[in-house]
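Listing of protein-v5.txt, compact mmCIF, C-alpha atoms and all ligand atoms
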# COMPACT_ATOMS: atom_id res chain seq x y z
CA MET A 222 6.76 -1.53 -21.26
CA ARG A 223 4.11 -0.67 -18.68
CA ARG A 224 4.56 -2.41 -15.33
CA VAL A 225 1.63 -3.67 -13.32
CA LEU A 226 3.86 -4.47 -10.34
CA GLU A 227 7.23 -3.04 -9.39
CA ILE A 228 8.98 -4.18 -6.22
CA ARG A 229 12.16 -2.45 -5.12
CA ASN A 230 14.60 -3.60 -2.44
CA LEU A 231 11.94 -5.27 -0.36
CA THR A 232 12.75 -6.69 3.06
CA ALA A 233 9.98 -8.49 4.94
CA GLY A 234 9.40 -11.29 7.41
CA TYR A 235 7.45 -12.45 10.43
CA GLY A 236 7.89 -10.48 13.65
CA ASP A 237 11.60 -9.87 14.10
CA VAL A 238 12.58 -12.67 11.74
CA PRO A 239 13.39 -11.44 8.23
CA VAL A 240 12.59 -13.87 5.44
CA LEU A 241 13.09 -11.69 2.34
CA TRP A 242 16.12 -9.49 1.74
CA ASP A 243 16.44 -6.77 -0.85
CA VAL A 244 14.02 -8.32 -3.31
CA SER A 245 13.41 -6.42 -6.55
CA LEU A 246 11.03 -7.76 -9.17
CA SER A 247 8.75 -6.42 -11.83
CA VAL A 248 5.72 -7.78 -13.64
CA PRO A 249 4.96 -6.20 -17.04
CA ASP A 250 1.40 -5.71 -18.20
CA ARG A 251 -0.20 -8.78 -19.84
CA LYS A 252 2.75 -11.09 -19.09
CA VAL A 253 3.29 -14.15 -16.94
CA VAL A 254 6.22 -13.89 -14.53
CA ALA A 255 7.34 -17.05 -12.71
CA LEU A 256 8.79 -17.07 -9.24
CA VAL A 257 10.56 -20.34 -8.49
CA GLY A 258 12.77 -21.76 -5.76
CA ALA A 259 12.92 -24.69 -3.34
CA ASN A 260 10.61 -25.09 -0.35
CA GLY A 261 10.97 -22.50 2.38
CA MET A 262 12.86 -19.96 0.25
CA GLY A 263 10.26 -17.21 0.73
CA LYS A 264 7.98 -17.39 -2.32
CA THR A 265 4.74 -17.44 -0.32
CA THR A 266 6.09 -14.72 1.97
CA LEU A 267 6.72 -12.50 -1.06
CA LEU A 268 3.14 -12.96 -2.29
CA ARG A 269 1.89 -12.20 1.23
CA ALA A 270 3.92 -9.00 1.33
CA ILE A 271 2.57 -7.92 -2.08
CA SER A 272 -1.03 -8.57 -1.06
CA GLY A 273 -0.60 -6.76 2.27
CA VAL A 274 -1.01 -9.79 4.54
CA ILE A 275 2.38 -8.94 6.04
CA SER A 276 3.95 -5.52 6.14
CA PRO A 277 7.43 -4.97 4.63
CA SER A 278 10.11 -3.55 6.89
CA SER A 279 11.77 -1.67 4.00
CA GLY A 280 11.57 -1.25 0.25
CA SER A 281 8.60 -0.40 -1.93
CA ILE A 282 5.71 -2.05 -3.76
CA VAL A 283 4.12 -0.13 -6.61
CA VAL A 284 0.93 -1.35 -8.31
CA GLY A 285 0.29 0.47 -11.57
CA GLU A 286 1.34 4.03 -10.73
CA GLU A 287 0.56 3.83 -7.04
CA ASP A 288 2.85 3.08 -4.11
CA VAL A 289 0.91 0.55 -1.99
CA THR A 290 3.69 -0.28 0.49
CA GLY A 291 2.20 -0.90 3.93
CA LEU A 292 -1.46 -0.67 2.85
CA ALA A 293 -3.92 -3.12 4.41
CA ALA A 294 -4.78 -6.24 2.40
CA HIS A 295 -8.32 -5.10 1.47
CA LYS A 296 -6.94 -1.82 0.12
CA ILE A 297 -4.40 -3.64 -2.03
CA ALA A 298 -7.16 -5.97 -3.29
CA ALA A 299 -9.13 -2.85 -4.16
CA ARG A 300 -6.19 -1.79 -6.40
CA GLY A 301 -6.80 -4.98 -8.41
CA VAL A 302 -4.38 -7.46 -6.87
CA ALA A 303 -5.93 -10.93 -6.47
CA HIS A 304 -4.03 -13.47 -4.39
CA VAL A 305 -4.95 -17.14 -4.86
CA PRO A 306 -3.20 -18.63 -1.83
CA GLU A 307 -1.46 -21.94 -1.45
CA GLY A 308 -3.92 -24.39 0.10
CA ARG A 309 -6.84 -22.58 -1.61
CA GLN A 310 -8.48 -21.35 1.61
CA LEU A 311 -12.02 -21.79 0.43
CA PHE A 312 -15.11 -21.77 2.63
CA PRO A 313 -15.89 -25.52 2.69
CA ALA A 314 -19.40 -25.18 4.12
CA MET A 315 -20.45 -22.71 1.43
CA THR A 316 -21.42 -23.54 -2.14
CA VAL A 317 -19.31 -22.98 -5.22
CA ARG A 318 -21.51 -20.04 -6.15
CA GLU A 319 -21.27 -18.48 -2.69
CA ASN A 320 -17.48 -18.84 -2.67
CA LEU A 321 -17.31 -17.14 -6.06
CA ALA A 322 -19.63 -14.35 -4.93
CA LEU A 323 -17.29 -13.67 -1.99
CA GLY A 324 -14.48 -13.03 -4.46
CA ALA A 325 -16.44 -10.03 -5.73
CA TYR A 326 -16.97 -8.39 -2.34
CA LEU A 327 -15.47 -5.03 -3.29
CA PRO A 328 -17.90 -2.45 -4.71
CA GLN A 329 -16.26 -2.21 -8.15
CA ALA A 330 -16.27 -6.03 -8.49
CA LYS A 331 -19.78 -6.41 -7.08
CA SER A 332 -21.30 -4.39 -9.88
CA HIS A 333 -19.86 -6.87 -12.44
CA ARG A 334 -20.59 -9.98 -10.39
CA ALA A 335 -22.94 -11.77 -12.81
CA GLU A 336 -20.66 -11.10 -15.78
CA SER A 337 -17.54 -12.25 -13.88
CA MET A 338 -19.29 -15.42 -12.71
CA GLU A 339 -20.28 -16.21 -16.28
CA ARG A 340 -16.63 -15.78 -17.34
CA VAL A 341 -15.48 -18.14 -14.57
CA PHE A 342 -18.10 -20.72 -15.59
CA THR A 343 -16.96 -20.46 -19.21
CA LEU A 344 -13.37 -21.00 -18.13
CA PHE A 345 -14.30 -23.87 -15.78
CA PRO A 346 -17.47 -25.62 -17.03
CA ARG A 347 -17.12 -28.09 -14.15
CA LEU A 348 -17.78 -25.27 -11.68
CA ARG A 349 -20.98 -24.36 -13.54
CA GLU A 350 -22.18 -27.96 -13.17
CA ARG A 351 -21.31 -27.95 -9.48
CA GLN A 352 -22.36 -24.43 -8.60
CA ALA A 353 -24.80 -25.55 -5.88
CA GLN A 354 -22.37 -28.07 -4.37
CA LEU A 355 -20.48 -27.37 -1.13
CA ALA A 356 -16.87 -26.37 -1.78
CA GLY A 357 -15.65 -28.88 0.82
CA SER A 358 -17.05 -31.75 -1.22
CA LEU A 359 -15.21 -30.84 -4.43
CA SER A 360 -12.18 -32.80 -5.65
CA GLY A 361 -8.73 -31.23 -5.21
CA GLY A 362 -8.61 -30.11 -8.84
CA GLU A 363 -12.09 -28.58 -8.67
CA GLN A 364 -11.16 -26.76 -5.47
CA GLN A 365 -8.15 -25.27 -7.22
CA MET A 366 -10.37 -24.16 -10.11
CA LEU A 367 -12.70 -22.56 -7.58
CA ALA A 368 -9.82 -20.78 -5.85
CA ILE A 369 -8.63 -19.35 -9.19
CA GLY A 370 -12.23 -18.50 -10.11
CA ARG A 371 -12.68 -16.63 -6.85
CA GLY A 372 -9.55 -14.62 -7.61
CA LEU A 373 -10.89 -13.77 -11.06
CA MET A 374 -14.15 -12.52 -9.55
CA LEU A 375 -12.21 -9.48 -8.34
CA GLY A 376 -11.62 -8.49 -11.98
CA PRO A 377 -7.92 -8.26 -11.16
CA LYS A 378 -5.21 -6.39 -13.00
CA LEU A 379 -2.69 -8.73 -11.34
CA LEU A 380 -3.46 -12.37 -10.54
CA MET A 381 -1.02 -14.02 -8.12
CA LEU A 382 -1.17 -17.81 -8.07
CA ASP A 383 0.63 -19.67 -5.28
CA GLU A 384 1.41 -23.28 -6.23
CA PRO A 385 -1.79 -23.87 -8.22
CA SER A 386 -0.75 -27.41 -9.22
CA LEU A 387 0.26 -28.56 -5.74
CA GLY A 388 -1.10 -31.98 -4.78
CA LEU A 389 -2.91 -32.57 -8.09
CA SER A 390 -2.67 -35.60 -10.36
CA PRO A 391 -0.70 -35.08 -13.61
CA LEU A 392 -3.97 -34.87 -15.54
CA LEU A 393 -5.46 -32.17 -13.32
CA MET A 394 -2.12 -30.37 -13.14
CA ASN A 395 -2.20 -30.18 -16.89
CA GLU A 396 -5.72 -28.78 -16.77
CA ILE A 397 -4.55 -26.01 -14.44
CA PHE A 398 -1.61 -25.16 -16.72
CA VAL A 399 -3.94 -25.07 -19.73
CA THR A 400 -6.11 -22.62 -17.79
CA VAL A 401 -3.15 -20.39 -16.91
CA GLU A 402 -2.13 -20.45 -20.58
CA ARG A 403 -5.64 -19.46 -21.59
CA LEU A 404 -5.68 -16.58 -19.10
CA ARG A 405 -2.29 -15.51 -20.43
CA SER A 406 -3.53 -15.55 -24.01
CA GLU A 407 -6.53 -13.45 -22.95
CA GLY A 408 -4.08 -10.83 -21.65
CA MET A 409 -4.17 -11.46 -17.90
CA THR A 410 -1.09 -10.34 -15.97
CA ILE A 411 0.07 -13.19 -13.72
CA LEU A 412 2.69 -13.71 -11.04
CA LEU A 413 3.04 -17.48 -10.79
CA VAL A 414 4.67 -19.36 -7.93
CA GLU A 415 5.01 -22.95 -8.98
CA GLN A 416 6.92 -26.05 -7.85
CA ASN A 417 6.60 -27.49 -11.35
CA VAL A 418 9.48 -25.36 -12.61
CA ASN A 419 9.48 -26.72 -16.13
CA GLN A 420 5.81 -25.92 -16.72
CA ALA A 421 6.10 -22.53 -15.03
CA LEU A 422 8.99 -21.51 -17.26
CA LEU A 423 7.21 -22.73 -20.37
CA LEU A 424 4.30 -20.45 -19.52
CA ALA A 425 6.27 -17.44 -18.35
CA GLU A 426 7.97 -14.63 -20.21
CA THR A 427 10.45 -13.90 -17.41
CA ALA A 428 11.39 -15.74 -14.25
CA TYR A 429 13.04 -15.07 -10.92
CA VAL A 430 14.76 -17.62 -8.71
CA LEU A 431 14.47 -17.06 -4.98
CA GLU A 432 17.04 -18.66 -2.67
CA ASN A 433 17.11 -18.06 1.08
CA GLY A 434 14.97 -14.97 0.68
CA ARG A 435 17.07 -13.35 -2.05
CA ILE A 436 16.66 -13.20 -5.81
CA VAL A 437 19.73 -15.08 -7.04
CA LEU A 438 18.86 -15.25 -10.73
CA GLN A 439 16.49 -13.62 -13.16
CA GLY A 440 16.02 -13.65 -16.90
CA ARG A 441 13.90 -14.67 -19.85
CA ALA A 442 12.20 -17.92 -18.94
CA GLN A 443 13.24 -19.65 -22.16
CA ASP A 444 16.88 -18.66 -21.63
CA LEU A 445 16.85 -20.10 -18.12
CA LEU A 446 15.29 -23.30 -19.41
CA LYS A 447 17.94 -23.67 -22.12
CA ASP A 448 20.97 -23.08 -19.92
CA PRO A 449 22.30 -26.46 -18.68
CA SER A 450 24.11 -25.02 -15.64
CA VAL A 451 21.11 -22.93 -14.59
CA ARG A 452 18.85 -25.95 -14.97
CA THR A 453 20.96 -28.11 -12.68
CA ALA A 454 22.22 -25.50 -10.19
CA TYR A 455 19.08 -23.41 -9.71
CA LEU A 456 16.05 -25.13 -11.13
CA GLY A 457 16.52 -28.72 -9.94
CA LEU A 458 16.10 -29.93 -13.54
CA SER A 459 18.25 -32.25 -15.61
CA PRO A 460 20.25 -30.73 -18.49
CA PRO A 461 18.26 -30.24 -21.71
CA ALA A 462 17.92 -33.35 -23.88
CA GLU A 463 19.48 -31.59 -26.86
CA PRO A 464 22.63 -29.47 -26.57
CA PRO A 465 21.82 -25.79 -27.06
CA THR A 466 22.82 -24.28 -30.39
CA ALA A 467 25.63 -21.71 -30.57
CA ARG A 468 22.96 -19.03 -30.99
CA GLY A 469 21.11 -20.43 -27.97
CA SER A 470 24.22 -20.25 -25.76
CA GLN A 471 24.82 -16.65 -26.73
CA MET A 472 21.28 -15.77 -25.82
CA ASN A 473 21.73 -17.52 -22.47
CA SER A 474 24.78 -15.62 -21.44
CA SER A 475 23.17 -12.29 -22.25
CA GLY A 476 19.63 -13.14 -21.22
CA THR A 477 20.10 -14.03 -17.56
CA HIS A 478 21.20 -11.89 -14.70
CA HIS A 479 22.56 -12.71 -11.27
CA PRO A 480 21.65 -9.79 -9.01
CA GLY A 481 24.64 -8.81 -6.93
CA SER A 482 27.22 -10.43 -9.27
CA ASN A 483 29.91 -8.32 -10.90
CA SER A 484 29.32 -9.69 -14.39
P1 LIG B 1 6.91 -23.49 0.32
O1 LIG B 1 6.93 -23.81 -1.11
O2 LIG B 1 7.38 -24.62 1.18
O3 LIG B 1 5.65 -22.84 0.80
P2 LIG B 1 8.11 -20.87 0.20
O4 LIG B 1 9.27 -20.58 -0.69
O5 LIG B 1 6.78 -20.38 -0.21
O6 LIG B 1 8.09 -22.41 0.49
P3 LIG B 1 7.63 -19.45 2.65
O7 LIG B 1 6.37 -20.18 2.97
O8 LIG B 1 7.56 -18.06 2.20
O9 LIG B 1 8.51 -20.29 1.61
O10 LIG B 1 8.57 -19.53 3.93
C1 LIG B 1 9.82 -18.84 4.02
C2 LIG B 1 10.32 -18.90 5.45
O11 LIG B 1 9.42 -18.18 6.30
C3 LIG B 1 10.42 -20.30 6.02
O12 LIG B 1 11.60 -20.39 6.75
C4 LIG B 1 9.19 -20.41 6.91
O13 LIG B 1 9.45 -21.27 7.99
C5 LIG B 1 9.01 -18.99 7.38
N1 LIG B 1 7.58 -18.70 7.65
C6 LIG B 1 6.56 -18.89 6.81
N2 LIG B 1 5.38 -18.51 7.38
C7 LIG B 1 5.69 -18.08 8.62
C8 LIG B 1 4.92 -17.55 9.71
N3 LIG B 1 3.60 -17.38 9.60
N4 LIG B 1 5.60 -17.21 10.83
C9 LIG B 1 6.94 -17.37 10.93
N5 LIG B 1 7.72 -17.84 9.94
C10 LIG B 1 7.11 -18.20 8.80
Please lay out the structure from this file as structure tokens.
Amino acid sequence: MRRVLEIRNLTAGYGDVPVLWDVSLSVPDRKVVALVGANGMGKTTLLRAISGVISPSSGSIVVGEEDVTGLAAHKIAARGVAHVPEGRQLFPAMTVRENLALGAYLPQAKSHRAESMERVFTLFPRLRERQAQLAGSLSGGEQQMLAIGRGLMLGPKLLMLDEPSLGLSPLLMNEIFVTVERLRSEGMTILLVEQNVNQALLLAETAYVLENGRIVLQGRAQDLLKDPSVRTAYLGLSPPAEPPTARGSQMNSSGTHHPGSNS
């Protein structure tokens, strides 16, 4: 299967302090991949390394067929990688429309700006209604929609979402997950960092668990969700309500992988 993103043995951090060690991860075309783990484990740092905000000290990052390791952030964005950061980082004193327009600053995106904006407004009708409103006056949920919309304005081949549901009410959280599902069904390739592990794994095809800067577990999202020991030890979830079937258990043992283990 064609990969949109392939990371091999990546080590990265801030100054002399490494945060990520030997991280390998791949995102297939038109799939959602979830990256989960407790606070401070390095998820945001990994997205920053992919988008070129920080430079890896070793390892490689390949987008499509091209090695982009060490390229500046604007050059990686130009390869079609859109990063929707945690905390949204909108321009509060600019309107919804102006914030969206800024997402299409690169020449190839600029030429499709009107079309992309229409797509964003179709996806988020609330943004169409509020297009002349200042971003700083939007509700938290609307700001998250705007942040995702701005990422989509790039016309990305990879959309990276960092904690899109953070700080939202259950109702708005659900709205964000419905949006991610819709993007998935339209064929968008997504790398999703999400503290709502259950929802993330329901949306994703495959998932990686990051612990202290290392990938400690990876596998098919539904296998991880079904495995009682994985749920409690790695995902911070309670065991599944119904015991897994014999077929389910077999799938679990073959479907997940602990990097670095001998099994
Ligand atoms: P959270 O969900 O809390 O954001 P995370 O898994 O995304 O957690 P990171 O934000 O990547 O974790 O942080 C990983 C480690 O890197 C933490 O120990 C954090 O203190 C450190 N760190 C993050 N940003 C910086 C920075 N700008 N300078 C120095 N250290 C940082």
Taking a cut-off of 7 Å and counting only C-alpha atoms and all ligand atoms, can you build a table that, for each residue of chain A near ligand LIG 1 (chain B), reports the nearest atom pair and how far apart they are in Å (one decimal), sorted by chain then residue number, as CSV?
residue,atom,partner,partner_atom,distance
A:Gly234,CA,B:LIG1,O11,7.0
A:Tyr235,CA,B:LIG1,C9,5.0
A:Val240,CA,B:LIG1,O11,5.4
A:Gly258,CA,B:LIG1,O4,6.3
A:Ala259,CA,B:LIG1,O4,6.1
A:Asn260,CA,B:LIG1,O2,3.6
A:Gly261,CA,B:LIG1,O9,3.4
A:Met262,CA,B:LIG1,O4,3.8
A:Gly263,CA,B:LIG1,O8,3.2
A:Lys264,CA,B:LIG1,O4,3.8
A:Thr265,CA,B:LIG1,O5,3.6
A:Thr266,CA,B:LIG1,O8,3.7
A:Leu267,CA,B:LIG1,O8,6.5
For Lys378 (chain A), which of A:His333, A:Arg300, A:Arg441, A:His295 is the closest residue, counting all atoms listed in the file?
A:Arg300
Would you kindly identify which residues have an atom no farther than 10 Å from (5.6, -6.8, -16.0), using all atoms listed in the file and the file's own coordinates, and write them out as a ChimeraX atom specification?
/A:222-227,246-254,379,410-412,426-427
Coordinates-based distance that separates CA of Arg405 (chain A) from CA of Asp243 (chain A) (Å, one decimal)
28.5 Å
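With CA of Ala325 (chain A) on one side and CA of Gly357 (chain A) on the other, the separation reads 20.0 Å.
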Taking into account all atoms listed in the file, which residue in the set A:Val414, A:Val274, A:Val283, A:Ile436 is nearest to Ile228 (chain A)?
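Closest to Ile228 (chain A) of all the choices is A:Val283.
The space between CA of Ile282 (chain A) and CA of Val244 (chain A) spans 10.4 Å.
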Could you pull the residues within 7 Å of Val317 (chain A), counting all atoms listed in the file, minus those fewer than 6 positions along the same chain, as a list of chain:residue names?
A:Arg351, A:Gln352, A:Ala353, A:Gln354, A:Leu355, A:Ala356
Preceding selection exported with C-alpha atoms as a JSON list (two decimals), keeping the file's coordinate frame:
[["chain", "number", "residue", "atom", "x", "y", "z"],
["A", 351, "ARG", "CA", -21.31, -27.95, -9.48],
["A", 352, "GLN", "CA", -22.36, -24.43, -8.60],
["A", 353, "ALA", "CA", -24.80, -25.55, -5.88],
["A", 354, "GLN", "CA", -22.37, -28.07, -4.37],
["A", 355, "LEU", "CA", -20.48, -27.37, -1.13],
["A", 356, "ALA", "CA", -16.87, -26.37, -1.78]]
